[in-house]
Amino acid sequence: MEKDSSLLPSGFDANHKTGDVGNVYEFGQCTWWAYTRRKQLGLPVGSYLGDGRMWADSAKALGYWVDGTPRHKGDVIVFAAGQAGADSTYGHVAIVESIGSDGSVV
């Protein structure tokens, strides 16, 4: 994140509350996997961010840096309900595993 420090919003606190009290998401759901994967990568993640479609707003409310541009392995991508094949009610959340030199995201 140091290389991105010029992009940080004014007043951003990297030591914000995470809202983490353990994985309370339903096993097998995208939210369960996203929580688990961020923990595996040693990254902060909240326990009560809601359905996939809600993660960006919930994370922003807790103080996470949310800006819509994946930059690093472990970043979260949020799909709105019905967006790009996501569930029409709950949306979807995914974790970035890699970013190609051409900007492609896996």
# chains A, B, ... in the order shown; residues from 1 in each chain; ligands from 1
>>> residues_around(residues="range 16-26 of chain A", least_positions_apart="5", cutoff="10 Å", atoms="only C-alpha atoms", output="number ranges by chain")
A: 31-36, 39, 44-51, 58-59, 62-65
>>> write_last_selection(atoms="C-alpha atoms", output="PDB file, in the first residue's frame")
ATOM      1  CA  THR A  31     -18.720 -14.095   1.562  1.00  0.00           C
ATOM      2  CA  TRP A  32     -17.385 -17.062   3.564  1.00  0.00           C
ATOM      3  CA  TRP A  33     -14.656 -17.628   0.985  1.00  0.00           C
ATOM      4  CA  ALA A  34     -13.762 -13.926   0.726  1.00  0.00           C
ATOM      5  CA  TYR A  35     -13.381 -13.685   4.510  1.00  0.00           C
ATOM      6  CA  THR A  36     -11.335 -16.889   4.647  1.00  0.00           C
ATOM      7  CA  LYS A  39      -7.399 -14.050   6.494  1.00  0.00           C
ATOM      8  CA  PRO A  44      -7.982  -7.369   7.536  1.00  0.00           C
ATOM      9  CA  VAL A  45     -11.607  -8.248   6.936  1.00  0.00           C
ATOM     10  CA  GLY A  46     -14.859  -7.538   8.744  1.00  0.00           C
ATOM     11  CA  SER A  47     -17.205 -10.167  10.114  1.00  0.00           C
ATOM     12  CA  TYR A  48     -20.479  -8.396   9.389  1.00  0.00           C
ATOM     13  CA  LEU A  49     -20.115  -6.835   5.937  1.00  0.00           C
ATOM     14  CA  GLY A  50     -23.395  -8.339   4.740  1.00  0.00           C
ATOM     15  CA  ASP A  51     -24.233  -9.977   1.421  1.00  0.00           C
ATOM     16  CA  SER A  58     -20.048  -1.759   4.702  1.00  0.00           C
ATOM     17  CA  ALA A  59     -16.254  -1.727   4.435  1.00  0.00           C
ATOM     18  CA  LEU A  62     -15.721   0.861   8.848  1.00  0.00           C
ATOM     19  CA  GLY A  63     -12.873   2.886   7.353  1.00  0.00           C
ATOM     20  CA  TYR A  64     -11.522   0.500   4.726  1.00  0.00           C
ATOM     21  CA  TRP A  65     -10.053   2.072   1.581  1.00  0.00           C
TER      22      TRP A  65
END
>>> residues_around(residues="Lys73 in chain A", least_positions_apart="2", cutoff="10 Å", atoms="only C-alpha atoms", output="list in words")
Arg38, Leu41, Pro70, Arg71, Asp75, Val76, Ile95, Val96, Glu97, Ser98, Ile99, Val105 and Val106 of chain A
>>> write_last_selection(atoms="C-alpha atoms", output="JSON list (two decimals), in the first residue's frame")
[["chain", "number", "residue", "atom", "x", "y", "z"],
["A", 38, "ARG", "CA", -8.29, -12.44, 3.17],
["A", 41, "LEU", "CA", -3.36, -13.61, 3.04],
["A", 70, "PRO", "CA", -8.20, -3.46, -7.77],
["A", 71, "ARG", "CA", -4.45, -3.00, -7.35],
["A", 75, "ASP", "CA", -8.21, -6.79, -2.92],
["A", 76, "VAL", "CA", -11.97, -7.31, -2.86],
["A", 95, "ILE", "CA", -10.87, -11.79, -4.01],
["A", 96, "VAL", "CA", -8.18, -10.71, -6.48],
["A", 97, "GLU", "CA", -5.55, -13.43, -6.88],
["A", 98, "SER", "CA", -3.41, -11.64, -9.47],
["A", 99, "ILE", "CA", -3.30, -8.64, -11.76],
["A", 105, "VAL", "CA", -7.69, -9.43, -13.02],
["A", 106, "VAL", "CA", -7.90, -13.03, -11.81]]
>>> closest_residue(among="A:Thr89, A:Ser104, A:Ala61, A:Ala56", to="Ile77 in chain A", atoms="only C-alpha atoms")
A:Ala56
>>> select_by_dssp(residues="range 18-104 of chain A", states="alpha helix (DSSP H)", output="PyMOL selection string")
chain A and resi 30-40+55-62
>>> select_by_dssp(residues="range 16-102 of chain A", states="strand (DSSP E)", output="PyMOL selection string")
chain A and resi 76-79+92-95
>>> atom_distance(atom1="CA of Asp67 in chain A", atom2="CA of Ala80 in chain A")
14.9 Å
>>> residues_around(residues="Gly91 in chain A", least_positions_apart="2", cutoff="8 Å", atoms="only C-alpha atoms", output="PyMOL selection string")
chain A and resi 51-54+78-83+86-89+93
>>> atom_distance(atom1="CA of Tyr90 in chain A", atom2="CA of Gly42 in chain A")
26.1 Å
>>> atom_distance(atom1="CA of Arg37 in chain A", atom2="CA of Gly74 in chain A")
7.6 Å
